[in-house]
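Enquirer: My structure is stored as final.txt, with compact mmCIF, C-alpha atoms.
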```
# COMPACT_ATOMS: atom_id res chain seq x y z
CA MET K 1 -15.61 -6.24 -48.63
CA ARG K 2 -19.30 -5.44 -48.43
CA GLY K 3 -19.82 -8.19 -45.82
CA VAL K 4 -16.99 -6.78 -43.69
CA GLU K 5 -18.47 -3.29 -43.97
CA ASN K 6 -21.89 -4.56 -42.87
CA LYS K 7 -20.33 -6.26 -39.83
CA LEU K 8 -18.50 -3.07 -38.90
CA VAL K 9 -21.71 -1.08 -39.19
CA GLY K 10 -23.48 -3.64 -37.02
CA VAL K 11 -20.78 -3.43 -34.34
CA ALA K 12 -20.94 0.35 -34.47
CA LEU K 13 -24.70 0.24 -33.87
CA LEU K 14 -24.51 -2.32 -31.06
CA ARG K 15 -21.70 -0.74 -29.06
CA PRO K 16 -23.67 2.29 -27.80
CA LEU K 17 -26.75 0.10 -27.40
CA LEU K 18 -25.18 -2.25 -24.83
CA PRO K 19 -25.17 0.15 -21.84
CA ALA K 20 -28.68 1.34 -22.72
CA VAL K 21 -30.03 -2.21 -22.79
CA TRP K 22 -28.16 -3.06 -19.58
CA ARG K 23 -29.89 -0.17 -17.79
CA THR K 24 -33.35 -1.30 -18.92
CA VAL K 25 -32.98 -4.85 -17.59
CA PRO K 26 -35.08 -5.13 -14.38
CA TRP K 27 -32.16 -6.15 -12.18
CA ARG K 28 -33.99 -5.50 -8.90
CA VAL K 29 -36.81 -7.88 -9.77
CA LEU K 30 -34.36 -10.51 -10.97
CA ALA K 31 -32.25 -10.11 -7.83
CA ALA K 32 -35.31 -10.44 -5.59
CA ALA K 33 -36.47 -13.59 -7.41
CA GLY K 34 -32.95 -15.02 -7.33
CA ALA K 35 -32.54 -14.36 -3.62
CA ALA K 36 -35.92 -15.93 -2.85
CA GLY K 37 -34.96 -19.01 -4.86
CA LEU K 38 -31.65 -19.38 -3.06
CA LEU K 39 -33.40 -19.07 0.31
CA LEU K 40 -35.86 -21.78 -0.69
CA ALA K 41 -33.08 -24.11 -1.77
CA GLY K 42 -31.05 -23.36 1.34
CA SER K 43 -34.03 -24.13 3.58
CA THR K 44 -33.48 -27.84 2.90
CA ARG K 45 -30.34 -27.67 5.04
CA ILE K 46 -32.16 -26.33 8.11
CA PRO K 47 -33.58 -29.66 9.42
CA ASP K 48 -31.23 -31.89 11.39
CA GLY K 49 -31.85 -34.79 9.03
CA GLU K 50 -31.56 -34.49 5.27
CA PRO K 51 -34.99 -34.48 3.57
CA GLY K 52 -35.69 -37.05 0.89
CA ALA K 53 -35.46 -36.59 -2.86
CA GLY K 54 -39.23 -36.06 -3.05
CA ILE K 55 -38.95 -32.93 -0.91
CA GLY K 56 -35.96 -31.82 -2.96
CA LEU K 57 -37.91 -32.18 -6.20
CA PHE K 58 -40.77 -30.14 -4.80
CA VAL K 59 -38.42 -27.41 -3.57
CA LEU K 60 -36.63 -27.26 -6.93
CA ARG K 61 -39.90 -26.99 -8.83
CA VAL K 62 -41.06 -24.13 -6.62
CA THR K 63 -37.65 -22.48 -6.92
CA ALA K 64 -37.75 -22.75 -10.71
CA LEU K 65 -41.19 -21.13 -10.70
CA VAL K 66 -39.91 -18.28 -8.53
CA GLY K 67 -37.06 -17.74 -10.96
CA ALA K 68 -39.54 -17.75 -13.84
CA PHE K 69 -41.51 -15.01 -12.11
CA GLY K 70 -38.39 -12.88 -12.28
CA LEU K 71 -37.89 -13.69 -15.95
CA ALA K 72 -41.47 -12.63 -16.64
CA PHE K 73 -40.27 -9.02 -16.19
CA VAL K 74 -37.19 -9.27 -18.44
CA LEU K 75 -38.93 -7.76 -21.47
CA ASP K 76 -40.33 -4.78 -19.57
CA ASP K 77 -39.10 -1.66 -21.37
CA PRO K 78 -40.31 1.72 -20.08
CA ALA K 79 -38.76 3.34 -23.17
CA ARG K 80 -40.52 1.04 -25.63
CA ASN K 81 -42.45 3.84 -27.34
CA THR K 82 -39.25 5.73 -28.07
CA SER K 83 -37.07 2.74 -28.99
CA THR K 84 -39.30 1.39 -31.75
CA GLY K 85 -37.86 3.90 -34.17
CA THR K 86 -34.22 2.95 -33.59
CA PRO K 87 -32.21 1.29 -36.40
CA VAL K 88 -31.79 -1.84 -34.25
CA GLY K 89 -34.96 -3.95 -34.15
CA ARG K 90 -36.71 -5.44 -31.15
CA ALA K 91 -35.27 -8.87 -31.84
CA VAL K 92 -31.71 -7.59 -31.42
CA ARG K 93 -32.58 -5.71 -28.25
CA THR K 94 -34.26 -8.82 -26.83
CA VAL K 95 -31.27 -11.01 -27.67
CA LEU K 96 -28.99 -8.53 -25.90
CA ARG K 97 -31.19 -8.62 -22.79
CA LEU K 98 -31.12 -12.42 -22.74
CA ALA K 99 -27.37 -12.42 -23.35
CA PHE K 100 -26.99 -10.44 -20.12
CA VAL K 101 -29.46 -12.54 -18.12
CA ALA K 102 -28.93 -16.11 -19.37
CA PRO K 103 -25.39 -16.70 -17.98
CA LEU K 104 -26.44 -15.33 -14.59
CA ALA K 105 -29.54 -17.53 -14.62
CA ALA K 106 -27.41 -20.59 -15.38
CA LEU K 107 -25.05 -19.77 -12.50
CA TRP K 108 -28.04 -19.19 -10.21
CA TRP K 109 -29.57 -22.57 -11.04
CA THR K 110 -26.21 -24.28 -10.47
CA ALA K 111 -26.00 -22.66 -7.04
CA VAL K 112 -29.57 -23.76 -6.30
CA LEU K 113 -28.70 -27.38 -7.10
CA LEU K 114 -25.56 -27.28 -4.99
CA LEU K 115 -27.41 -25.84 -2.01
CA LEU K 116 -29.49 -28.99 -1.71
CA PRO K 117 -27.89 -31.81 0.31
CA ALA K 118 -26.80 -34.79 -1.75
CA ALA K 119 -29.53 -37.03 -0.35
CA THR K 120 -32.16 -34.39 -1.11
CA ARG K 121 -31.03 -33.55 -4.63
CA PRO K 122 -32.97 -35.39 -7.39
CA PRO K 123 -31.31 -36.20 -10.74
CA ALA K 124 -29.99 -32.91 -12.11
CA ALA K 125 -30.82 -33.40 -15.79
CA PRO K 126 -34.61 -33.91 -15.46
CA VAL K 127 -35.10 -31.07 -12.97
CA THR K 128 -32.96 -28.77 -15.11
CA LEU K 129 -35.15 -29.62 -18.10
CA GLN K 130 -38.21 -28.72 -16.05
CA ALA K 131 -36.63 -25.48 -14.87
CA ALA K 132 -35.67 -24.55 -18.44
CA GLY K 133 -39.19 -25.30 -19.65
CA THR K 134 -40.68 -23.13 -16.91
CA ALA K 135 -38.27 -20.27 -17.58
CA VAL K 136 -38.72 -20.26 -21.35
CA ALA K 137 -42.49 -20.54 -20.93
CA ALA K 138 -42.40 -17.33 -18.88
CA LEU K 139 -40.36 -15.66 -21.61
CA ALA K 140 -42.80 -16.90 -24.26
CA LEU K 141 -45.76 -15.46 -22.35
CA ALA K 142 -43.95 -12.14 -22.06
CA THR K 143 -43.04 -12.24 -25.75
CA VAL K 144 -46.67 -12.77 -26.75
CA ALA K 145 -47.75 -9.91 -24.49
CA VAL K 146 -45.19 -7.57 -26.06
CA ARG K 147 -46.06 -8.64 -29.60
CA PHE K 148 -49.82 -8.27 -29.35
CA THR K 149 -50.11 -5.27 -27.02
CA ASP K 150 -48.65 -1.78 -26.89
CA ARG K 151 -47.84 -1.92 -23.19
CA ALA K 152 -44.30 -1.06 -22.20
CA GLU K 153 -44.34 -3.24 -19.07
CA VAL K 154 -45.87 -6.71 -19.34
CA GLY K 155 -44.22 -8.39 -16.36
CA ARG K 156 -47.17 -8.29 -13.97
CA THR K 157 -49.58 -9.65 -16.56
CA THR K 158 -47.11 -12.37 -17.50
CA ALA K 159 -46.55 -13.35 -13.87
CA THR K 160 -50.30 -13.56 -13.31
CA ARG K 161 -50.78 -15.80 -16.33
CA LEU K 162 -47.84 -17.93 -15.31
CA THR K 163 -49.39 -18.39 -11.87
CA ALA K 164 -52.70 -19.44 -13.42
CA ILE K 165 -50.96 -21.96 -15.67
CA ALA K 166 -48.94 -23.35 -12.74
CA LEU K 167 -52.11 -23.84 -10.70
CA LEU K 168 -53.75 -25.56 -13.64
CA VAL K 169 -50.77 -27.89 -14.05
CA THR K 170 -51.04 -29.00 -10.42
CA VAL K 171 -54.55 -30.40 -10.92
CA VAL K 172 -53.74 -32.40 -14.06
CA PRO K 173 -53.34 -36.13 -13.29
CA ASP K 174 -49.80 -37.49 -13.52
CA ARG K 175 -50.78 -39.69 -16.43
CA TRP K 176 -51.20 -36.62 -18.65
CA GLY K 177 -49.46 -33.95 -16.62
CA LEU K 178 -45.98 -32.56 -15.97
CA LEU K 179 -45.50 -33.20 -12.25
CA ALA K 180 -45.05 -36.95 -12.04
CA GLY K 181 -42.51 -38.17 -9.49
CA PRO K 182 -39.36 -40.16 -10.32
CA ASP K 183 -40.76 -43.22 -8.55
CA GLY K 184 -44.01 -43.19 -10.51
CA PRO K 185 -44.76 -44.92 -13.83
CA TRP K 186 -45.27 -41.63 -15.70
CA TRP K 187 -41.89 -40.04 -14.97
CA GLN K 188 -40.36 -40.63 -18.41
CA ALA K 189 -43.52 -39.52 -20.19
CA ALA K 190 -43.52 -36.32 -18.12
CA GLN K 191 -39.96 -35.57 -19.22
CA ILE K 192 -41.03 -35.90 -22.85
CA ARG K 193 -43.87 -33.46 -22.19
CA TRP K 194 -41.42 -31.02 -20.57
CA ALA K 195 -39.23 -31.25 -23.67
CA VAL K 196 -42.27 -30.46 -25.81
CA VAL K 197 -43.09 -27.47 -23.59
CA LEU K 198 -39.52 -26.21 -23.91
CA CYS K 199 -39.47 -26.56 -27.70
CA ALA K 200 -42.90 -24.96 -28.10
CA ALA K 201 -41.90 -22.03 -25.89
CA LEU K 202 -38.67 -21.53 -27.83
CA ALA K 203 -40.61 -21.59 -31.09
CA ALA K 204 -43.06 -19.01 -29.75
CA CYS K 205 -40.20 -16.73 -28.71
CA ALA K 206 -38.55 -17.05 -32.12
CA LEU K 207 -41.82 -16.46 -33.98
CA TRP K 208 -43.16 -13.47 -32.08
CA THR K 209 -40.04 -11.61 -30.94
CA PRO K 210 -39.49 -9.63 -34.19
CA GLU K 211 -41.74 -6.69 -34.95
CA PRO K 212 -44.59 -7.44 -37.34
CA LEU K 213 -43.92 -6.20 -40.87
CA VAL K 214 -47.44 -4.79 -41.10
CA ARG K 215 -49.35 -3.06 -38.35
CA ARG K 216 -52.95 -1.97 -38.59
CA ARG K 217 -54.06 1.45 -37.53
CA PRO K 218 -57.44 2.05 -35.90
CA ILE K 219 -60.31 1.87 -38.37
CA PRO K 220 -61.00 5.34 -39.86
CA ALA K 221 -64.48 6.71 -39.35
CA ARG K 222 -65.19 7.30 -43.06
CA THR K 223 -63.80 4.34 -44.96
CA GLY K 224 -64.26 1.72 -42.26
CA ARG K 225 -61.11 -0.08 -43.49
CA PRO K 226 -57.85 -0.50 -41.58
CA ILE K 227 -54.82 1.08 -43.20
CA PRO K 228 -51.76 -1.23 -43.18
CA THR K 229 -48.44 0.43 -42.44
CA ARG K 230 -44.97 -1.05 -42.65
CA THR K 231 -42.57 -0.90 -39.76
CA GLY K 232 -38.91 -1.68 -39.47
```
When written as structure tokens, how does the structure in this file appear?

Expert:
Amino acid sequence: MRGVENKLVGVALLRPLLPAVWRTVPWRVLAAAGAAGLLLAGSTRIPDGEPGAGIGLFVLRVTALVGAFGLAFVLDDPARNTSTGTPVGRAVRTVLRLAFVAPLAALWWTAVLLLLPAATRPPAAPVTLQAAGTAVAALALATVAVRFTDRAEVGRTTATRLTAIALLVTVVPDRWGLLAGPDGPWWQAAQIRWAVVLCAALAACALWTPEPLVRRRPIPARTGRPIPTRTG
């Protein structure tokens, strides 16, 4: 009986939270990133002849990065300073945001793949792995920014860091990097690295999404020692 009562209480807390979380999701940014990605994918149909799979892979990688820029803003919460005291923790609010966004992101990526002509479309599984790694990496960067700062909106900082990482990845040789082509000898090794990136980003999100149990206040002038305080 106690377990049933706890579930009922949880449902009662979540029901009024759903519309509030829905309103805080940055839908305009996500829509702009999604539209830009669809335009990029659709541009492969403009030439008279169908581009090769190499061009398709490049377009899909850029499109995945554009989508990740949109996801960098998912954790922006202008009401963060007032929502920290709610009975529902940050982890639950974050999961609700992702529950709204993830199905739409999956549909968007499916549409992106279908927009490419058959001759231009590279194997779907490897490019989807790369897109998932890029997207979750953006979420991990945003999660770290939320966890270790008090800023309510971390999207711009996250997008800037994601851009810097993407530029760094482009200069890494294929032998050790992530951007090897399917015709090269390092393609399979690159897929393993993308899987590692995805798993590491998921682990970072799981580790740093919940609020810390202990926060430290600024050091008092007299004692010189930080005072730990517990939060929910």

Enquirer: Quick one: of K:Val169, K:Ala135, K:Val21, K:Ala64, who's nearest to Ala190 (chain K), counting all atoms listed in the file?

Expert: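 When distances to Ala190 (chain K) are compared using all atoms listed in the file, the smallest one comes from K:Val169.
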
Enquirer: With distances taken over all atoms listed in the file, which of K:Ala53, K:Val154, K:Leu60, K:Leu162 is nearest to Pro78 (chain K)?

Expert: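 Between K:Ala53, K:Val154, K:Leu60, K:Leu162, the residue approaching Pro78 (chain K) most closely is K:Val154.
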
Enquirer: So that I can see what lies close to Leu71 (chain K), please list as a list in words the residues with an atom at most 9 Å from it, counting only C-alpha atoms and leaving out residues fewer than 5 positions away in the same chain.

Expert: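 That gives Val29, Leu30, Ala33, Val66, Val101, Ala135, Val136, Ala138, Leu139, Ala142, Gly155 and Ala159 of chain K.
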
Enquirer: Record the distance separating CA of Thr128 (chain K) and CA of Ala200 (chain K), expressed in Å with one decimal.

Expert: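 Those two atoms sit 16.8 Å apart.
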
Enquirer: Compare K:Leu104, K:Val112, K:Leu75, K:Ile165 by their minimum atom-to-atom distance to Leu38 (chain K), counting all atoms listed in the file, and give me the closest one.

Expert: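 Of the candidates, the smallest distance to Leu38 (chain K) is held by K:Val112.
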
Enquirer: Just want the 12 Å neighbourhood of Thr94 (chain K), counted on only C-alpha atoms, with same-chain residues fewer than 6 positions away dropped. Output as a list in words.

Expert: Leu17, Leu18, Val21, Trp22, Thr24, Val25, Val74, Leu75, Asp76, Asp77, Arg80, Val88, Phe100, Val101, Ala102, Leu139, Ala142, Thr143, Val146, Cys205, Ala206, Trp208, Thr209, Pro210 and Glu211 of chain K

Enquirer: Measuring atom to atom with all atoms listed in the file, identify which of K:Gly54, K:Pro117, K:Pro126, K:Gly70 is nearest to Gly181 (chain K).

Expert: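 With all atoms listed in the file as the atom set, the closest residue is K:Gly54.
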
Enquirer: Which residues are close to Ala41 (chain K), i.e. within 10 Å by only C-alpha atoms, leaving aside same-chain residues fewer than 5 positions away? Reply as a PyMOL selection string.

Expert: chain K and resi 35-36+56+59-60+62-63+111-117

Enquirer: Can I get the selected residues back with C-alpha atoms, as a short mmCIF file (atom, residue, chain, number, x, y, z; two decimals), in the coordinates of the input?

Expert:
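Written out: selection.cif:
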```
data_model
loop_
_atom_site.label_atom_id
_atom_site.label_comp_id
_atom_site.auth_asym_id
_atom_site.auth_seq_id
_atom_site.Cartn_x
_atom_site.Cartn_y
_atom_site.Cartn_z
CA ALA K 35 -32.54 -14.36 -3.62
CA ALA K 36 -35.92 -15.93 -2.85
CA GLY K 56 -35.96 -31.82 -2.96
CA VAL K 59 -38.42 -27.41 -3.57
CA LEU K 60 -36.63 -27.26 -6.93
CA VAL K 62 -41.06 -24.13 -6.62
CA THR K 63 -37.65 -22.48 -6.92
CA ALA K 111 -26.00 -22.66 -7.04
CA VAL K 112 -29.57 -23.76 -6.30
CA LEU K 113 -28.70 -27.38 -7.10
CA LEU K 114 -25.56 -27.28 -4.99
CA LEU K 115 -27.41 -25.84 -2.01
CA LEU K 116 -29.49 -28.99 -1.71
CA PRO K 117 -27.89 -31.81 0.31
#
```

Enquirer: Just the number, please: distance in Å from CA of Ala31 (chain K) to CA of Gly52 (chain K), one decimal.

Expert: 28.5 Å

Enquirer: Could you state the separation of CA of Ala201 (chain K) and CA of Thr110 (chain K) in Å, given to one decimal place?

Expert: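 Separation of CA of Ala201 (chain K) and CA of Thr110 (chain K): 22.1 Å.
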
Enquirer: Could you pull the residues within 8 Å of Gln191 (chain K), counting all atoms listed in the file, minus those fewer than 6 positions along the same chain, as a VMD selection string?

Expert: chain K and resid 126 129 to 130 178

Enquirer: Mind dumping the selected residues with C-alpha atoms as a CSV table (one decimal), in the coordinates of the input?

Expert:
```csv
chain,number,residue,atom,x,y,z
K,126,PRO,CA,-34.6,-33.9,-15.5
K,129,LEU,CA,-35.2,-29.6,-18.1
K,130,GLN,CA,-38.2,-28.7,-16.0
K,178,LEU,CA,-46.0,-32.6,-16.0
```

Enquirer: Of the residues K:Trp186, K:Phe73, K:Val196, K:Ala140, which is the one nearest to Pro173 (chain K), using only C-alpha atoms?

Expert: K:Trp186
